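These notes are about the structure you will find just below.
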Amino acid sequence: MTKCLVCSCNKTMPISEQTLGQPVYQALCRHQVGDFLQALETPDDVIVACTQEKPLFQALAQEKPQVAATGLRFFNIRETAGWSDQASSAVPKIKALMAHASLPVADPVPAVSYTSQGRLLIVGPASLVSQAMSAAALFEGLVPTGLVTELDAPLPTSRARPVLTGELVGLTGFLGQFKARWAQRNPIDLEICTRCGACQQACPEQAITVDFQIDLNRCKSSRDCVKACDVVGAIQFDRLNDEREEDFDLILDFGAAPSFAQPDPPKGYSHVSPAQGQAQAMQALAQLAAQVGEFEKPKFFKYEQRLCAHGRNGKVGCSACIDVCSTLAIGSVFADGRGRVEVNPNLCMGCGACTTVCPSGAMRYAYPSADRIALEMRTLLKAYTQAGGKAASLLLYGETQELGGAWEMLESYGRLAQQKRAPGLPAHVLPLSLHHVASVGLEVWLAALCYGAAEVTILLTGREAAQYQQALETQVSVGREMLRLLGLNPDALRLVTIQEAQDLGAVWPAKSLRSVSVIEPAGFALGDDKRTALETCLDYLIRKGQPQAERADLPAGLPVGSPIGGLNLNADRCTLCMSCVGACPEGALKDGGDRPLLAFIERNCVQCGLCVKTCPESALSLDPRLAPLEDRREAVTIHESTPFCCIRCGRPFATKEALRAMLLRIGSHPAFQGEAAKRLEMCGDCRVVDMVEKEL
């Protein structure tokens with residue numbers, strides 16, 4: 001059971017107990033806080049419709065001696081519903097948000113752990129490294145090492161913390177497990193050097209600087225410095241360009257360009273360009289200091305290799321997950337000709353884009369699952385409709401709390417509405433946060449329409465990695481074309497990019513209510529099988545959708561990138577060698593057993609292209625399209641041939657097309673000239689017998 005506490009925030013939201021059907025507080029965080037504390041004494045989950053004072057409520061719960069409540073959660077109605085020029089008609093939305101917040105917490109997923117002891121490598125010019133080394137002392141837990149790549153200022157003479165010189169040539173890893181590799185660029189090893197100055201006194205060219213580094217342009221190779229440092233052994237000219245490697249937990253990089261090229265670098269790495277200044281460096285140090293200790297994060301994905309269409313016979317088919325990953329967490333692995341992908345869970349940031357673009361469902365999002373998100377959508381839409389809401393617009397956005405993120409933008413828009421500087425979110429717009437906006441795709445969006453949403457809006461902020469934006473654009477274009485072919489409104493699926501909060505008003509212009517897409521809302525669960533989920537949604541939209549235009553004749557083409565489609569076959573080229581059958585990882589292509597035919601099950605095809613790449617005759621091409629569902633489920637013969645029988649024993653051994661191809665390829669070989677040409681029309685056994693007979 002759950003107990004939901006709703007507050008009107010000092011009467012700034014026009015909601016009443018009568019319209020909501022339950023108590024509505026005016027100042028739950030102030031003089032009515034006793035009611036909150038009393039609610040904690042019940043064994044129910046306590047859900048507070050306020051995120052503004054979440055820290056206060058949490059602190060009060062921790063200080064309370066006896067708390068019987070099994071859980072304490074928070075959700076927002078102020079910025080998303082109550083602060084709007086349509087707040088008076090937003091009760092159905094508020095009830096929907098309450099129902100959604102009352103759902104049980106999603107099942108936990110396995111955790112990925114990090115351990116960081118604070119070993120910090122600071123890389124960059126001497127001026128910035130020296131400042132950052134001093135500033136790092138202000139943060140507990142940081143143990144800095146400096147790697148100076150440019151002598152633009154004196155090096156620190158103190159040996160309190162190690163300072164190295166060289167050129168960073170390699171950096172890999174993640175929080176707690178970074179591996180840095182750098183090349184020595186000076187004969188003096190500052191880790192060994194005692195700064196005694198004997199080398200400076202001995203050098204006839206005065207080539208050794210105050211930083212105890214040798215100016216190689218002035219050095220004349222007298223090597224007097226080596227003799228002077230013989231006991232200490234800090235100077236070795238043969239160490240130039242040697243590489244060293246060491247492990248670190250954290251990296252602060254002052255390089256002109258980041259050492260990690262991917263849009264989302266690993267956790268524990270921070271890049272501050274030299275132009276950003278000391279303030280940015282202090283902020284980066286503070287963030288890195290917060291990453292000292294032991295941490296866990298969810299393992300965001302599940303991978304089933306048996307469903308993966310990555311590679312066969314040494315050829316790469318689908319690489320969608322690898323191409324879209326902004327952290328380079330996904331790599332390709334081949335063994336015995338079969339390809340699979342491998343994900344480093346420590347590098348994975350949980351965007352879920354890999355699961356969105358995966359056509360087979362081999363990669364599935366787990367935090368939460370698509371089925372859980374479908375449950376949340378059904379709950380929102382059902383509660384909204386039952387409370388009298390009309391033509392719901394489902395808004396999907398990323399829940400990140402970072403500055404400039406979607407949630408920060410929605411909060412800002414709500415505050416603008418409270419100040420009468422913006423209209424606020426319309427009463428028919430139901431916001432649903434996702435861990436990342438790219439974590440759900442086509443089957444989830446279409447499911448929302450099946451559950452009764454009039455439209456689905458996916459909100460981007462422009463801060464997402466370019467490959468995420470492109471992937472979502474492709475998925476949306478496929479979905480919109482599917483809707484158009486079914487006679488439904490393609491504008492029911494929208495991808496919008498808003499960079500400023502005040503621009504949100506243009507997303508839902510006045511009188512933007514749309515007609516409902518389905519006759520009655522569906523109640524089916526989405527399940528874990530992506531292909532089945534997509535087909536279930538399409539089937540429901542065909543049966544229960546409300547067409548606004550004439551439905552297209554199927555099959556009809558879909559944009560490139562569609563996860564469903566057929567195959568085009570050039571019968572003049574195909575020899576029925578069945579290479580494509582062996583290459584297909586999904587069982588979409590079947591041979592005819594004893595009969596020379598090729599069959600195709602369109603439902604199984606994920607458009608990976610392995611069959612196209614494998615075909616030795618270039619007889620196949622992909623055909624992204626939407627076909628009638630009943631046709632997609634049936635095995636259809638796409639090519640059949642007459643068997644060719646051996647002219648000697650009469651046993652069928654090839655097709656006419658295969659024999660023709662063989663004649664073209666090896667007919668000019670000396671072994672098959674003159675009368676011997678007839679051997680090409682014999683089976684393998686008879687060919688050998690004929691060759692032996694002719695030699696005797």
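By order of appearance in the structure tokens: chains A, B, ..., then residues from 1 within every chain, and ligands from 1 in the order shown.
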>> Please list as a ChimeraX atom specification every residue within 9 Å of stretch 278-295 of chain A, counting only C-alpha atoms and excluding residues in the same chain fewer than 5 positions away.
In response: /A:112-120,128,131-132,135-136,139-142,175-176,249-252,254,267-272
> Near A:His435, counting only C-alpha atoms, which residues have an atom at most 10 Å away, once you skip same-chain residues fewer than 5 positions from it, shown as JSON, numbers by chain?
Replying inline: {"A": [300, 350, 351, 352, 367, 368, 397, 398, 399, 400, 440]}
> Could you name the residues that touch A:Ala183 at 7 Å or less, counting only C-alpha atoms, but leaving out those on the same chain fewer than 5 positions away, as a list of chain:residue names?
Replying inline: A:Gly166, A:Glu167, A:Leu168, A:Val169, A:Asn241, A:Asp242, A:Glu243, A:Arg244
Include all heavy atoms and write out the residues we just selected as a tab-separated table (two decimals), in the first residue's frame.
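And here's result-v9.tsv as it stands now:
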```
chain	number	residue	atom	x	y	z
A	166	GLY	N	57.36	14.48	-19.63
A	166	GLY	CA	57.28	13.57	-20.77
A	166	GLY	C	56.07	13.88	-21.62
A	166	GLY	O	55.41	14.92	-21.47
A	167	GLU	N	55.76	12.98	-22.50
A	167	GLU	CA	54.63	13.15	-23.41
A	167	GLU	C	53.66	11.99	-23.22
A	167	GLU	O	54.05	10.82	-23.33
A	167	GLU	CB	55.11	13.19	-24.86
A	167	GLU	CG	53.99	13.34	-25.87
A	167	GLU	CD	54.49	13.26	-27.30
A	167	GLU	OE1	55.71	13.21	-27.52
A	167	GLU	OE2	53.63	13.25	-28.21
A	168	LEU	N	52.42	12.32	-22.90
A	168	LEU	CA	51.39	11.29	-22.73
A	168	LEU	C	51.11	10.64	-24.08
A	168	LEU	O	50.68	11.31	-25.02
A	168	LEU	CB	50.12	11.89	-22.15
A	168	LEU	CG	49.01	10.91	-21.76
A	168	LEU	CD1	49.44	10.06	-20.56
A	168	LEU	CD2	47.72	11.66	-21.43
A	169	VAL	N	51.32	9.32	-24.18
A	169	VAL	CA	51.13	8.64	-25.46
A	169	VAL	C	49.98	7.63	-25.42
A	169	VAL	O	49.60	7.09	-26.46
A	169	VAL	CB	52.42	7.93	-25.91
A	169	VAL	CG1	53.50	8.94	-26.20
A	169	VAL	CG2	52.90	6.92	-24.87
A	241	ASN	N	62.92	8.82	-25.03
A	241	ASN	CA	61.86	8.12	-25.79
A	241	ASN	C	61.47	6.77	-25.19
A	241	ASN	O	60.63	6.08	-25.76
A	241	ASN	CB	62.24	7.95	-27.26
A	241	ASN	CG	62.46	9.27	-27.96
A	241	ASN	OD1	61.71	10.22	-27.75
A	241	ASN	ND2	63.51	9.35	-28.78
A	242	ASP	N	62.10	6.39	-24.05
A	242	ASP	CA	61.60	5.21	-23.35
A	242	ASP	C	60.18	5.49	-22.86
A	242	ASP	O	59.83	6.63	-22.54
A	242	ASP	CB	62.49	4.87	-22.16
A	242	ASP	CG	63.79	4.20	-22.58
A	242	ASP	OD1	63.92	3.91	-23.79
A	242	ASP	OD2	64.66	4.00	-21.72
A	243	GLU	N	59.36	4.46	-22.81
A	243	GLU	CA	57.99	4.63	-22.34
A	243	GLU	C	57.82	4.02	-20.96
A	243	GLU	O	58.39	2.97	-20.66
A	243	GLU	CB	57.00	4.00	-23.33
A	243	GLU	CG	56.90	4.75	-24.64
A	243	GLU	CD	55.78	4.25	-25.54
A	243	GLU	OE1	55.07	3.31	-25.11
A	243	GLU	OE2	55.61	4.80	-26.63
A	244	ARG	N	57.04	4.69	-20.14
A	244	ARG	CA	56.71	4.20	-18.81
A	244	ARG	C	55.20	4.06	-18.70
A	244	ARG	O	54.44	4.72	-19.41
A	244	ARG	CB	57.24	5.15	-17.74
A	244	ARG	CG	58.76	5.25	-17.69
A	244	ARG	CD	59.21	6.23	-16.62
A	244	ARG	NE	58.68	5.87	-15.31
A	244	ARG	CZ	58.91	6.61	-14.21
A	244	ARG	NH1	59.62	7.71	-14.29
A	244	ARG	NH2	58.42	6.24	-13.05
```
>> What's around stretch 327-339 of chain A at 8 Å? Count only C-alpha atoms, leave out sequence neighbours fewer than 3 positions away in its own chain, and write the answer as a ChimeraX atom specification.
In response: /A:262-266,309-316,321-322,342-345,347-349
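Proximity ranking of A:Thr145, A:Gln38, A:Gln52, A:Gln184 relative to A:Lys64 places A:Gln38 first, based on only C-alpha atoms.
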> Counting only C-alpha atoms, what is within 12 Å of A:Ala556, bar same-chain residues fewer than 2 positions away, as a ChimeraX atom specification?
Replying inline: /A:481-486,551-554,558-559,564-566,623-628
> How many Å lie between atom CA of A:Arg651 and atom CA of A:Cys574, rounded to one decimal?
Replying inline: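 Result for atom CA of A:Arg651 versus atom CA of A:Cys574: 21.8 Å, one decimal.
Of the listed residues (A:Ile94, A:Val496, A:Ala370, A:Leu449), A:Leu449 comes nearest to A:Lys544; the distances count only C-alpha atoms.
Comparing A:Leu381, A:Ile542, A:Val148, A:Leu121 by their smallest distance to A:Leu171, the closest is A:Leu121 (using only C-alpha atoms).
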